[in-house]
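Engineer: What follows is protein14.pdb, PDB, C-alpha atoms.
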ATOM      1  CA  MET G   1     -32.012-189.873  83.422
ATOM      2  CA  SER G   2     -28.613-188.383  82.728
ATOM      3  CA  CYS G   3     -25.585-190.032  84.328
ATOM      4  CA  PHE G   4     -23.291-187.162  83.372
ATOM      5  CA  ILE G   5     -21.162-185.932  86.295
ATOM      6  CA  LEU G   6     -19.506-182.541  86.304
ATOM      7  CA  ASP G   7     -15.772-182.622  86.985
ATOM      8  CA  PRO G   8     -15.129-181.930  90.720
ATOM      9  CA  THR G   9     -12.686-179.093  89.944
ATOM     10  CA  LEU G  10     -15.290-177.328  87.807
ATOM     11  CA  GLN G  11     -17.866-177.859  90.555
ATOM     12  CA  ALA G  12     -15.474-176.370  93.124
ATOM     13  CA  ASP G  13     -14.419-173.408  90.987
ATOM     14  CA  CYS G  14     -17.826-172.436  89.620
ATOM     15  CA  HIS G  15     -21.447-171.687  90.399
ATOM     16  CA  HIS G  16     -23.586-174.165  88.458
ATOM     17  CA  LEU G  17     -26.270-171.802  87.202
ATOM     18  CA  GLY G  18     -28.303-174.074  84.952
ATOM     19  CA  ARG G  19     -28.262-175.459  81.467
ATOM     20  CA  LEU G  20     -28.957-175.049  77.815
ATOM     21  CA  PRO G  21     -29.977-178.021  75.633
ATOM     22  CA  CYS G  22     -26.374-179.241  75.052
ATOM     23  CA  CYS G  23     -24.360-177.584  77.808
ATOM     24  CA  HIS G  24     -24.306-177.030  81.543
ATOM     25  CA  VAL G  25     -23.881-173.317  82.247
ATOM     26  CA  LEU G  26     -21.313-172.493  84.934
ATOM     27  CA  LEU G  27     -20.059-169.141  86.177
ATOM     28  CA  HIS G  28     -16.543-168.981  87.616
ATOM     29  CA  ARG G  29     -16.621-167.965  91.276
ATOM     30  CA  ASN G  30     -14.031-165.267  90.610
ATOM     31  CA  ALA G  31     -16.109-162.195  89.839
ATOM     32  CA  ALA G  32     -13.062-160.200  88.712
ATOM     33  CA  VAL G  33     -14.140-160.960  85.151
ATOM     34  CA  ALA G  34     -17.445-162.242  83.698
ATOM     35  CA  TRP G  35     -16.226-165.801  83.188
ATOM     36  CA  PHE G  36     -18.730-168.392  81.992
ATOM     37  CA  ILE G  37     -17.837-172.029  81.435
ATOM     38  CA  LEU G  38     -20.024-174.252  79.276
ATOM     39  CA  VAL G  39     -19.804-178.008  79.688
ATOM     40  CA  PRO G  40     -21.353-180.129  76.940
ATOM     41  CA  GLU G  41     -22.531-183.592  77.939
ATOM     42  CA  THR G  42     -19.989-185.618  76.011
ATOM     43  CA  GLN G  43     -17.072-187.891  76.784
ATOM     44  CA  GLU G  44     -15.003-186.215  74.034
ATOM     45  CA  GLN G  45     -12.235-184.052  75.531
ATOM     46  CA  ASP G  46     -11.408-181.684  72.641
ATOM     47  CA  LEU G  47     -13.880-179.247  71.082
ATOM     48  CA  LEU G  48     -12.360-179.823  67.655
ATOM     49  CA  SER G  49     -12.877-183.592  67.976
ATOM     50  CA  LEU G  50     -16.645-183.250  68.349
ATOM     51  CA  PRO G  51     -18.716-184.326  65.365
ATOM     52  CA  ALA G  52     -20.223-181.307  63.565
ATOM     53  CA  VAL G  53     -23.711-182.402  64.607
ATOM     54  CA  LEU G  54     -22.760-181.697  68.246
ATOM     55  CA  ARG G  55     -20.094-179.001  67.702
ATOM     56  CA  GLU G  56     -22.519-176.684  65.905
ATOM     57  CA  PRO G  57     -25.262-176.503  68.571
ATOM     58  CA  VAL G  58     -22.574-176.273  71.274
ATOM     59  CA  MET G  59     -21.015-173.270  69.489
ATOM     60  CA  GLU G  60     -24.476-171.754  69.061
ATOM     61  CA  GLU G  61     -24.995-171.998  72.846
ATOM     62  CA  CYS G  62     -21.588-170.394  73.430
ATOM     63  CA  SER G  63     -22.638-167.562  71.110
ATOM     64  CA  ARG G  64     -25.820-167.016  73.113
ATOM     65  CA  ILE G  65     -23.823-166.795  76.348
ATOM     66  CA  ALA G  66     -21.323-164.440  74.687
ATOM     67  CA  ALA G  67     -24.141-162.118  73.607
ATOM     68  CA  PHE G  68     -25.470-162.219  77.175
ATOM     69  CA  VAL G  69     -22.035-161.349  78.618
ATOM     70  CA  ARG G  70     -21.652-158.418  76.223
ATOM     71  CA  GLU G  71     -25.012-157.001  77.213
ATOM     72  CA  HIS G  72     -25.404-157.894  80.897
ATOM     73  CA  PHE G  73     -21.787-157.245  81.940
ATOM     74  CA  GLN G  74     -21.125-154.518  79.355
ATOM     75  CA  CYS G  75     -18.030-156.274  78.016
ATOM     76  CA  PRO G  76     -16.953-155.185  74.543
ATOM     77  CA  LYS G  77     -14.654-158.183  74.015
ATOM     78  CA  ILE G  78     -15.133-161.941  74.430
ATOM     79  CA  ASN G  79     -12.279-164.416  74.896
ATOM     80  CA  PHE G  80     -13.222-167.960  73.948
ATOM     81  CA  ALA G  81     -11.184-171.090  74.612
ATOM     82  CA  ALA G  82     -11.190-174.851  75.002
ATOM     83  CA  ILE G  83      -7.972-175.743  76.826
ATOM     84  CA  GLY G  84      -8.418-178.582  79.317
ATOM     85  CA  ASN G  85      -4.785-179.373  80.059
ATOM     86  CA  LEU G  86      -5.569-179.668  83.769
ATOM     87  CA  VAL G  87      -9.277-180.583  83.754
ATOM     88  CA  PRO G  88      -9.826-183.171  81.018
ATOM     89  CA  GLN G  89     -13.644-182.915  80.895
ATOM     90  CA  LEU G  90     -14.480-180.757  77.881
ATOM     91  CA  HIS G  91     -15.344-177.246  79.052
ATOM     92  CA  LEU G  92     -15.546-174.029  77.074
ATOM     93  CA  HIS G  93     -14.493-170.665  78.447
ATOM     94  CA  VAL G  94     -16.590-167.639  77.433
ATOM     95  CA  VAL G  95     -14.927-164.693  79.152
ATOM     96  CA  GLY G  96     -16.045-161.090  78.990
ATOM     97  CA  ARG G  97     -13.112-158.695  78.814
ATOM     98  CA  ARG G  98     -12.590-154.981  78.966
ATOM     99  CA  ALA G  99      -9.482-152.819  78.881
ATOM    100  CA  THR G 100      -9.895-151.937  82.564
ATOM    101  CA  ASP G 101     -10.143-155.472  83.949
ATOM    102  CA  LEU G 102      -7.634-156.988  86.373
ATOM    103  CA  CYS G 103      -5.374-158.744  83.890
ATOM    104  CA  TRP G 104      -6.034-157.021  80.548
ATOM    105  CA  PRO G 105      -4.616-157.616  77.950
ATOM    106  CA  ARG G 106      -3.326-160.958  79.227
ATOM    107  CA  PRO G 107      -5.583-164.019  79.011
ATOM    108  CA  VAL G 108      -7.285-164.890  82.299
ATOM    109  CA  TRP G 109      -5.754-168.364  82.642
ATOM    110  CA  GLY G 110      -2.964-168.156  85.199
ATOM    111  CA  ASN G 111      -3.060-164.353  85.265
ATOM    112  CA  LEU G 112      -5.875-163.541  87.685
ATOM    113  CA  ASP G 113      -4.053-163.144  90.969
ATOM    114  CA  ARG G 114      -6.921-161.655  92.918
ATOM    115  CA  ALA G 115     -10.190-163.501  93.574
ATOM    116  CA  VAL G 116     -13.378-161.521  94.090
ATOM    117  CA  ALA G 117     -16.585-163.323  95.171
ATOM    118  CA  TYR G 118     -20.018-162.588  93.715
ATOM    119  CA  ALA G 119     -22.426-161.012  96.171
ATOM    120  CA  PRO G 120     -25.517-163.269  96.495
ATOM    121  CA  GLU G 121     -27.807-160.589  95.079
ATOM    122  CA  THR G 122     -25.517-160.091  92.082
ATOM    123  CA  LEU G 123     -25.583-163.821  91.411
ATOM    124  CA  CYS G 124     -29.391-163.872  91.633
ATOM    125  CA  GLY G 125     -29.513-160.975  89.194
ATOM    126  CA  VAL G 126     -27.336-162.895  86.727
ATOM    127  CA  ILE G 127     -29.575-165.980  86.974
ATOM    128  CA  ARG G 128     -32.740-163.945  86.514
ATOM    129  CA  ALA G 129     -31.248-162.242  83.474
ATOM    130  CA  LEU G 130     -30.138-165.584  81.986
ATOM    131  CA  PHE G 131     -33.786-166.567  81.550
ATOM    132  CA  ALA G 132     -33.877-164.132  78.628
ATOM    133  CA  ILE G 133     -31.671-166.639  76.789
ATOM    134  CA  ARG G 134     -33.674-169.080  74.671
ATOM    135  CA  ASP G 135     -33.885-172.571  76.254
ATOM    136  CA  PHE G 136     -32.045-171.648  79.470
ATOM    137  CA  SER G 137     -33.247-173.501  82.550
ATOM    138  CA  THR G 138     -31.955-173.737  86.092
ATOM    139  CA  THR G 139     -32.372-176.160  88.950
ATOM    140  CA  GLN G 140     -30.215-174.125  91.287
ATOM    141  CA  GLN G 141     -29.419-177.240  93.288
ATOM    142  CA  GLU G 142     -25.932-176.049  94.059
ATOM    143  CA  GLU G 143     -27.008-172.591  95.143
ATOM    144  CA  LYS G 144     -29.481-174.058  97.656
ATOM    145  CA  ARG G 145     -26.651-175.595  99.588
ATOM    146  CA  PRO G 146     -25.816-173.907 102.892
TER     147      PRO G 146
ATOM    148  CA  MET W   1      -9.776-159.891  43.967
ATOM    149  CA  SER W   2      -9.582-159.990  47.746
ATOM    150  CA  CYS W   3      -8.631-156.789  49.580
ATOM    151  CA  PHE W   4      -8.177-158.601  52.889
ATOM    152  CA  ILE W   5      -4.869-157.762  54.590
ATOM    153  CA  LEU W   6      -3.372-159.946  57.285
ATOM    154  CA  ASP W   7      -2.539-158.119  60.500
ATOM    155  CA  PRO W   8       1.178-157.130  60.497
ATOM    156  CA  THR W   9       1.799-158.800  63.879
ATOM    157  CA  LEU W  10       0.406-162.093  62.613
ATOM    158  CA  GLN W  11       2.530-161.730  59.473
ATOM    159  CA  ALA W  12       5.629-161.110  61.575
ATOM    160  CA  ASP W  13       4.965-163.939  64.070
ATOM    161  CA  CYS W  14       3.887-166.621  61.598
ATOM    162  CA  HIS W  15       4.680-168.467  58.398
ATOM    163  CA  HIS W  16       1.747-167.921  56.024
ATOM    164  CA  LEU W  17       1.400-171.450  54.677
ATOM    165  CA  GLY W  18      -1.709-171.145  52.546
ATOM    166  CA  ARG W  19      -5.441-171.182  52.865
ATOM    167  CA  LEU W  20      -8.646-173.096  53.175
ATOM    168  CA  PRO W  21     -11.913-171.765  51.697
ATOM    169  CA  CYS W  22     -12.714-169.474  54.682
ATOM    170  CA  CYS W  23      -9.390-169.088  56.492
ATOM    171  CA  HIS W  24      -5.770-168.224  55.902
ATOM    172  CA  VAL W  25      -3.575-170.934  57.424
ATOM    173  CA  LEU W  26      -0.630-169.643  59.460
ATOM    174  CA  LEU W  27       1.965-171.518  61.485
ATOM    175  CA  HIS W  28       3.563-169.722  64.428
ATOM    176  CA  ARG W  29       7.307-169.325  63.888
ATOM    177  CA  ASN W  30       7.963-170.770  67.347
ATOM    178  CA  ALA W  31       8.398-174.471  66.687
ATOM    179  CA  ALA W  32       8.384-175.305  70.419
ATOM    180  CA  VAL W  33       4.750-176.352  69.947
ATOM    181  CA  ALA W  34       2.688-177.120  66.829
ATOM    182  CA  TRP W  35       0.852-173.814  66.809
ATOM    183  CA  PHE W  36      -1.456-173.071  63.892
ATOM    184  CA  ILE W  37      -3.387-169.828  63.563
ATOM    185  CA  LEU W  38      -6.406-169.607  61.270
ATOM    186  CA  VAL W  39      -7.561-166.199  60.061
ATOM    187  CA  PRO W  40     -11.036-166.017  58.522
ATOM    188  CA  GLU W  41     -11.614-163.220  56.008
ATOM    189  CA  THR W  42     -14.026-161.147  58.053
ATOM    190  CA  GLN W  43     -14.056-157.769  59.738
ATOM    191  CA  GLU W  44     -15.754-159.294  62.822
ATOM    192  CA  GLN W  45     -13.321-159.463  65.755
ATOM    193  CA  ASP W  46     -14.944-162.142  67.980
ATOM    194  CA  LEU W  47     -15.524-165.749  66.938
ATOM    195  CA  LEU W  48     -18.782-165.841  68.873
ATOM    196  CA  SER W  49     -20.055-162.760  67.023
ATOM    197  CA  LEU W  50     -19.813-164.464  63.632
ATOM    198  CA  PRO W  51     -23.117-165.447  62.033
ATOM    199  CA  ALA W  52     -23.614-169.233  62.105
ATOM    200  CA  VAL W  53     -23.325-169.359  58.323
ATOM    201  CA  LEU W  54     -19.673-168.304  58.623
ATOM    202  CA  ARG W  55     -18.904-169.685  62.106
ATOM    203  CA  GLU W  56     -19.741-173.251  61.114
ATOM    204  CA  PRO W  57     -17.418-173.589  58.085
ATOM    205  CA  VAL W  58     -14.693-171.749  60.020
ATOM    206  CA  MET W  59     -14.988-174.260  62.871
ATOM    207  CA  GLU W  60     -14.978-177.102  60.346
ATOM    208  CA  GLU W  61     -11.673-175.787  58.954
ATOM    209  CA  CYS W  62     -10.254-175.541  62.489
ATOM    210  CA  SER W  63     -11.281-179.170  63.036
ATOM    211  CA  ARG W  64      -9.443-180.235  59.879
ATOM    212  CA  ILE W  65      -6.279-178.468  61.064
ATOM    213  CA  ALA W  66      -6.662-180.012  64.535
ATOM    214  CA  ALA W  67      -6.884-183.500  63.009
ATOM    215  CA  PHE W  68      -3.751-182.713  60.977
ATOM    216  CA  VAL W  69      -1.866-181.535  64.090
ATOM    217  CA  ARG W  70      -2.823-184.678  65.998
ATOM    218  CA  GLU W  71      -1.567-186.901  63.209
ATOM    219  CA  HIS W  72       1.403-185.029  61.730
ATOM    220  CA  PHE W  73       2.843-183.728  65.025
ATOM    221  CA  GLN W  74       1.649-186.663  67.136
ATOM    222  CA  CYS W  75      -0.090-184.387  69.651
ATOM    223  CA  PRO W  76      -2.728-186.080  71.784
ATOM    224  CA  LYS W  77      -4.285-182.791  72.940
ATOM    225  CA  ILE W  78      -5.489-179.673  71.101
ATOM    226  CA  ASN W  79      -5.883-176.260  72.726
ATOM    227  CA  PHE W  80      -8.252-173.993  70.828
ATOM    228  CA  ALA W  81      -8.791-170.280  71.456
ATOM    229  CA  ALA W  82      -9.982-166.988  70.046
ATOM    230  CA  ILE W  83      -8.471-164.274  72.256
ATOM    231  CA  GLY W  84      -7.404-161.191  70.299
ATOM    232  CA  ASN W  85      -6.810-158.780  73.172
ATOM    233  CA  LEU W  86      -3.595-157.557  71.529
ATOM    234  CA  VAL W  87      -4.236-158.303  67.845
ATOM    235  CA  PRO W  88      -7.813-157.312  67.043
ATOM    236  CA  GLN W  89      -8.067-159.122  63.691
ATOM    237  CA  LEU W  90      -9.989-162.342  64.357
ATOM    238  CA  HIS W  91      -7.535-165.253  64.536
ATOM    239  CA  LEU W  92      -8.036-168.733  65.918
ATOM    240  CA  HIS W  93      -5.343-170.659  67.738
ATOM    241  CA  VAL W  94      -5.159-174.419  67.111
ATOM    242  CA  VAL W  95      -2.286-175.616  69.272
ATOM    243  CA  GLY W  96      -1.020-179.169  69.535
ATOM    244  CA  ARG W  97      -0.024-180.055  73.101
ATOM    245  CA  ARG W  98       1.664-182.917  74.832
ATOM    246  CA  ALA W  99       2.679-183.491  78.440
ATOM    247  CA  THR W 100       6.368-183.126  77.543
ATOM    248  CA  ASP W 101       6.172-179.750  75.795
ATOM    249  CA  LEU W 102       7.926-176.622  77.006
ATOM    250  CA  CYS W 103       5.087-175.070  79.002
ATOM    251  CA  TRP W 104       2.709-177.977  79.759
ATOM    252  CA  PRO W 105       0.180-177.790  81.396
ATOM    253  CA  ARG W 106       0.074-173.997  81.137
ATOM    254  CA  PRO W 107      -1.524-172.414  78.054
ATOM    255  CA  VAL W 108       1.000-171.229  75.459
ATOM    256  CA  TRP W 109      -0.007-167.553  75.568
ATOM    257  CA  GLY W 110       2.583-165.700  77.605
ATOM    258  CA  ASN W 111       4.200-168.905  78.840
ATOM    259  CA  LEU W 112       6.546-169.906  76.018
ATOM    260  CA  ASP W 113       9.813-168.347  77.085
ATOM    261  CA  ARG W 114      12.011-170.100  74.563
ATOM    262  CA  ALA W 115      11.645-169.631  70.781
ATOM    263  CA  VAL W 116      12.718-172.429  68.468
ATOM    264  CA  ALA W 117      12.760-171.851  64.690
ATOM    265  CA  TYR W 118      11.507-174.395  62.143
ATOM    266  CA  ALA W 119      14.238-175.852  59.967
ATOM    267  CA  PRO W 120      13.396-175.086  56.292
ATOM    268  CA  GLU W 121      13.060-178.791  55.443
ATOM    269  CA  THR W 122      10.682-179.311  58.379
ATOM    270  CA  LEU W 123       8.539-176.432  57.162
ATOM    271  CA  CYS W 124       8.485-177.860  53.621
ATOM    272  CA  GLY W 125       7.423-181.202  55.072
ATOM    273  CA  VAL W 126       4.541-179.557  56.920
ATOM    274  CA  ILE W 127       3.360-177.792  53.769
ATOM    275  CA  ARG W 128       3.565-180.962  51.674
ATOM    276  CA  ALA W 129       1.597-182.848  54.317
ATOM    277  CA  LEU W 130      -1.055-180.098  54.499
ATOM    278  CA  PHE W 131      -2.089-180.909  50.919
ATOM    279  CA  ALA W 132      -3.764-184.025  52.339
ATOM    280  CA  ILE W 133      -6.333-181.644  53.887
ATOM    281  CA  ARG W 134      -9.362-181.146  51.670
ATOM    282  CA  ASP W 135      -9.371-177.737  49.910
ATOM    283  CA  PHE W 136      -5.953-176.645  51.201
ATOM    284  CA  SER W 137      -3.976-174.490  48.783
ATOM    285  CA  THR W 138      -0.771-172.526  49.097
ATOM    286  CA  THR W 139       0.809-169.619  47.294
ATOM    287  CA  GLN W 140       3.908-169.575  49.468
ATOM    288  CA  GLN W 141       4.470-165.922  48.643
ATOM    289  CA  GLU W 142       5.854-165.192  52.064
ATOM    290  CA  GLU W 143       8.261-168.107  52.050
ATOM    291  CA  LYS W 144       9.810-166.874  48.784
ATOM    292  CA  ARG W 145      11.026-163.734  50.502
ATOM    293  CA  PRO W 146      14.754-163.587  51.249
TER     294      PRO W 146
END
Translate the structure of the given file into structure tokens.
Structural biologist:
Amino acid sequence: MSCFILDPTLQADCHHLGRLPCCHVLLHRNAAVAWFILVPETQEQDLLSLPAVLREPVMEECSRIAAFVREHFQCPKINFAAIGNLVPQLHLHVVGRRATDLCWPRPVWGNLDRAVAYAPETLCGVIRALFAIRDFSTTQQEEKRP
Amino acid sequence: MSCFILDPTLQADCHHLGRLPCCHVLLHRNAAVAWFILVPETQEQDLLSLPAVLREPVMEECSRIAAFVREHFQCPKINFAAIGNLVPQLHLHVVGRRATDLCWPRPVWGNLDRAVAYAPETLCGVIRALFAIRDFSTTQQEEKRP
């Protein structure tokens, strides 16, 4: 049984859609951009401090999510980052960008003034589509909450 | 002979210190934070679009630079990002952060209002120290310019 607990800020800011073998797969609640956040189950706080044996499969999972964002959200550009100055738990941003989005060309962090919620049916469509990704699974515990 | 040309904006913004097997090693001219930029020799524009055979050694080189930043600049935290909304050539930010730096806890992109230049002797010290990194080499062509 895993005793890994997602950071409360990430839980509050994101829909917890499911997981891949190394990472929890979260989607930021702000639908203004296609903003996925992957959280590997590790106590290490910096991506570049991970041992290669964990860093490589984690990056492979990020690449799968990036390919999904390009196709499902029709985003030609992906921004990728591990920052964590405010939330210390290691989390990896995979953000689909396009030249028409709300804060292009600025990075999303601190520059998305307007929050747009996902419609429930849009969210369900994203989850259904995620099953095309190898090894994706969902428990959807969070989404069952009232 | 390589026909790879560094993006002019990166050339203007950075000191080109040398290279590792996959990446050119640049240091942002703004000394307010320890801000390295690694540029792999590829035409691909997104880190997460690289094939694993290139992504993995590139990430390994970023990890070596991150370890150097932690030790040489005494930075407890590393921010890592591949953004490229303004400069399309793939470049990877490895930024040393500490709670006392000029824009903590905000990310550096767009938030560093004040530019501080490296003193020449500080820059030489960085380059000398970089030789402790496996496979680092320098030509220092840029630094010879008047």
Engineer: Quick check: residues of chain G within 6 Å of chain W, all atoms listed in the file, returned as a PyMOL selection string.
Structural biologist: chain G and resi 48+63+79-83+85+105
Engineer: Between CA of Val25 (chain G) and CA of Leu123 (chain G), what is the distance, to one decimal in Å?
Structural biologist: 13.3 Å
Engineer: Least-squares superpose chain W onto chain G - every C-alpha atom, paired in order - and show me the moved coordinates as a CSV table (one decimal) with C-alpha atoms, in the frame of the given file.
Structural biologist:
chain,number,residue,atom,x,y,z
W,1,MET,CA,-32.1,-189.8,83.4
W,2,SER,CA,-28.6,-188.4,82.8
W,3,CYS,CA,-25.6,-190.0,84.3
W,4,PHE,CA,-23.3,-187.2,83.4
W,5,ILE,CA,-21.2,-185.9,86.3
W,6,LEU,CA,-19.5,-182.5,86.3
W,7,ASP,CA,-15.8,-182.6,87.0
W,8,PRO,CA,-15.2,-181.9,90.7
W,9,THR,CA,-12.7,-179.1,90.0
W,10,LEU,CA,-15.3,-177.3,87.8
W,11,GLN,CA,-17.9,-177.8,90.6
W,12,ALA,CA,-15.5,-176.4,93.1
W,13,ASP,CA,-14.4,-173.4,91.0
W,14,CYS,CA,-17.9,-172.4,89.6
W,15,HIS,CA,-21.5,-171.7,90.4
W,16,HIS,CA,-23.6,-174.1,88.4
W,17,LEU,CA,-26.3,-171.8,87.2
W,18,GLY,CA,-28.3,-174.1,84.9
W,19,ARG,CA,-28.3,-175.4,81.5
W,20,LEU,CA,-29.0,-175.0,77.8
W,21,PRO,CA,-30.0,-178.0,75.6
W,22,CYS,CA,-26.4,-179.2,75.0
W,23,CYS,CA,-24.4,-177.6,77.8
W,24,HIS,CA,-24.3,-177.0,81.5
W,25,VAL,CA,-23.9,-173.3,82.2
W,26,LEU,CA,-21.3,-172.5,84.9
W,27,LEU,CA,-20.1,-169.1,86.2
W,28,HIS,CA,-16.6,-169.0,87.6
W,29,ARG,CA,-16.7,-167.9,91.3
W,30,ASN,CA,-14.1,-165.3,90.6
W,31,ALA,CA,-16.1,-162.2,89.8
W,32,ALA,CA,-13.1,-160.2,88.7
W,33,VAL,CA,-14.2,-161.0,85.1
W,34,ALA,CA,-17.5,-162.2,83.7
W,35,TRP,CA,-16.2,-165.8,83.2
W,36,PHE,CA,-18.7,-168.4,82.0
W,37,ILE,CA,-17.8,-172.0,81.4
W,38,LEU,CA,-20.0,-174.2,79.3
W,39,VAL,CA,-19.8,-178.0,79.7
W,40,PRO,CA,-21.4,-180.1,76.9
W,41,GLU,CA,-22.6,-183.6,77.9
W,42,THR,CA,-20.0,-185.6,76.0
W,43,GLN,CA,-17.1,-187.9,76.8
W,44,GLU,CA,-15.0,-186.2,74.1
W,45,GLN,CA,-12.3,-184.1,75.6
W,46,ASP,CA,-11.4,-181.7,72.7
W,47,LEU,CA,-13.9,-179.3,71.1
W,48,LEU,CA,-12.4,-179.8,67.7
W,49,SER,CA,-12.9,-183.6,68.0
W,50,LEU,CA,-16.6,-183.2,68.4
W,51,PRO,CA,-18.7,-184.3,65.4
W,52,ALA,CA,-20.2,-181.3,63.6
W,53,VAL,CA,-23.7,-182.4,64.6
W,54,LEU,CA,-22.8,-181.7,68.2
W,55,ARG,CA,-20.1,-179.0,67.7
W,56,GLU,CA,-22.5,-176.7,65.9
W,57,PRO,CA,-25.3,-176.5,68.6
W,58,VAL,CA,-22.6,-176.3,71.3
W,59,MET,CA,-21.0,-173.3,69.5
W,60,GLU,CA,-24.5,-171.8,69.1
W,61,GLU,CA,-25.0,-172.0,72.8
W,62,CYS,CA,-21.6,-170.4,73.4
W,63,SER,CA,-22.6,-167.6,71.1
W,64,ARG,CA,-25.8,-167.0,73.1
W,65,ILE,CA,-23.8,-166.8,76.3
W,66,ALA,CA,-21.3,-164.4,74.7
W,67,ALA,CA,-24.1,-162.1,73.6
W,68,PHE,CA,-25.5,-162.2,77.2
W,69,VAL,CA,-22.0,-161.3,78.6
W,70,ARG,CA,-21.6,-158.4,76.2
W,71,GLU,CA,-25.0,-157.0,77.2
W,72,HIS,CA,-25.4,-157.9,80.9
W,73,PHE,CA,-21.8,-157.2,81.9
W,74,GLN,CA,-21.1,-154.5,79.3
W,75,CYS,CA,-18.0,-156.3,78.0
W,76,PRO,CA,-16.9,-155.2,74.5
W,77,LYS,CA,-14.6,-158.2,74.0
W,78,ILE,CA,-15.1,-162.0,74.4
W,79,ASN,CA,-12.3,-164.4,74.9
W,80,PHE,CA,-13.2,-168.0,74.0
W,81,ALA,CA,-11.2,-171.1,74.6
W,82,ALA,CA,-11.2,-174.9,75.0
W,83,ILE,CA,-8.0,-175.8,76.8
W,84,GLY,CA,-8.4,-178.6,79.3
W,85,ASN,CA,-4.8,-179.4,80.1
W,86,LEU,CA,-5.6,-179.7,83.8
W,87,VAL,CA,-9.3,-180.6,83.8
W,88,PRO,CA,-9.9,-183.2,81.0
W,89,GLN,CA,-13.7,-182.9,80.9
W,90,LEU,CA,-14.5,-180.8,77.9
W,91,HIS,CA,-15.4,-177.2,79.1
W,92,LEU,CA,-15.5,-174.0,77.1
W,93,HIS,CA,-14.5,-170.7,78.5
W,94,VAL,CA,-16.6,-167.6,77.4
W,95,VAL,CA,-14.9,-164.7,79.2
W,96,GLY,CA,-16.1,-161.1,79.0
W,97,ARG,CA,-13.1,-158.7,78.8
W,98,ARG,CA,-12.6,-155.0,79.0
W,99,ALA,CA,-9.5,-152.8,78.9
W,100,THR,CA,-9.9,-151.9,82.6
W,101,ASP,CA,-10.1,-155.5,84.0
W,102,LEU,CA,-7.6,-157.0,86.4
W,103,CYS,CA,-5.4,-158.7,83.9
W,104,TRP,CA,-6.0,-157.0,80.6
W,105,PRO,CA,-4.6,-157.6,78.0
W,106,ARG,CA,-3.3,-161.0,79.3
W,107,PRO,CA,-5.6,-164.0,79.0
W,108,VAL,CA,-7.3,-164.9,82.3
W,109,TRP,CA,-5.8,-168.4,82.7
W,110,GLY,CA,-3.0,-168.2,85.2
W,111,ASN,CA,-3.1,-164.4,85.3
W,112,LEU,CA,-5.9,-163.5,87.7
W,113,ASP,CA,-4.1,-163.1,91.0
W,114,ARG,CA,-7.0,-161.6,92.9
W,115,ALA,CA,-10.2,-163.5,93.6
W,116,VAL,CA,-13.4,-161.5,94.1
W,117,ALA,CA,-16.6,-163.3,95.2
W,118,TYR,CA,-20.0,-162.6,93.7
W,119,ALA,CA,-22.5,-161.0,96.2
W,120,PRO,CA,-25.5,-163.2,96.5
W,121,GLU,CA,-27.8,-160.6,95.1
W,122,THR,CA,-25.5,-160.1,92.1
W,123,LEU,CA,-25.6,-163.8,91.4
W,124,CYS,CA,-29.4,-163.8,91.6
W,125,GLY,CA,-29.5,-161.0,89.2
W,126,VAL,CA,-27.4,-162.9,86.7
W,127,ILE,CA,-29.6,-166.0,86.9
W,128,ARG,CA,-32.8,-163.9,86.5
W,129,ALA,CA,-31.3,-162.2,83.4
W,130,LEU,CA,-30.1,-165.6,82.0
W,131,PHE,CA,-33.8,-166.5,81.5
W,132,ALA,CA,-33.9,-164.1,78.6
W,133,ILE,CA,-31.7,-166.6,76.7
W,134,ARG,CA,-33.7,-169.1,74.7
W,135,ASP,CA,-33.9,-172.6,76.2
W,136,PHE,CA,-32.0,-171.6,79.4
W,137,SER,CA,-33.2,-173.5,82.5
W,138,THR,CA,-32.0,-173.7,86.1
W,139,THR,CA,-32.3,-176.1,88.9
W,140,GLN,CA,-30.1,-174.2,91.3
W,141,GLN,CA,-29.3,-177.3,93.3
W,142,GLU,CA,-25.8,-176.1,94.0
W,143,GLU,CA,-26.9,-172.7,95.2
W,144,LYS,CA,-29.3,-174.2,97.8
W,145,ARG,CA,-26.3,-175.8,99.6
W,146,PRO,CA,-25.4,-174.1,102.9
Engineer: Nearest to Ser137 (chain G): which of G:Cys75, G:Gln11, G:Thr122, G:Gly18 is it, counting all atoms listed in the file?
Structural biologist: G:Gly18
Engineer: So how far away is CA of Thr139 (chain W) from CA of Phe4 (chain W), in Å?
Structural biologist: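 Interatomic distance, CA of Phe4 (chain W) to CA of Thr139 (chain W): 15.3 Å.
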Engineer: Within 8 Å of Ile133 (chain W), counting only C-alpha atoms, which residues show up once you throw out same-chain ones fewer than 2 positions away? Write them as a PyMOL selection string, please.
Structural biologist: chain W and resi 64-65+68+130-131+135-136
Engineer: Could you jot down the CA of Ala129 (chain W) to CA of Cys23 (chain W) separation for me, Å, one decimal place?
Structural biologist: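 Atom-to-atom, CA of Ala129 (chain W) to CA of Cys23 (chain W), that is 17.7 Å.
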Engineer: So which one's closest to Val69 (chain G), G:Ala34, G:Ala12, G:Ala119, G:Leu112? Using all atoms listed in the file, please.
Structural biologist: G:Ala34
Engineer: Please enclose the listed atoms of region 51-56 of chain W in an axis-aligned box, pad each side by 5 Å, and write out the centre and the three edge lengths in Å, rounded to one decimal, as lines of an AutoDock Vina configuration file.
Structural biologist:
center_x = -21.3
center_y = -169.3
center_z = 60.2
size_x = 14.7
size_y = 17.8
size_z = 13.8
Engineer: Skipping near chain neighbours, those fewer than 5 positions away, what residues fall within 10 Å of Val39 (chain W) using all atoms listed in the file, listed as a ChimeraX atom specification?
Structural biologist: /W:6-7,10,19-20,22-26,58,89-93
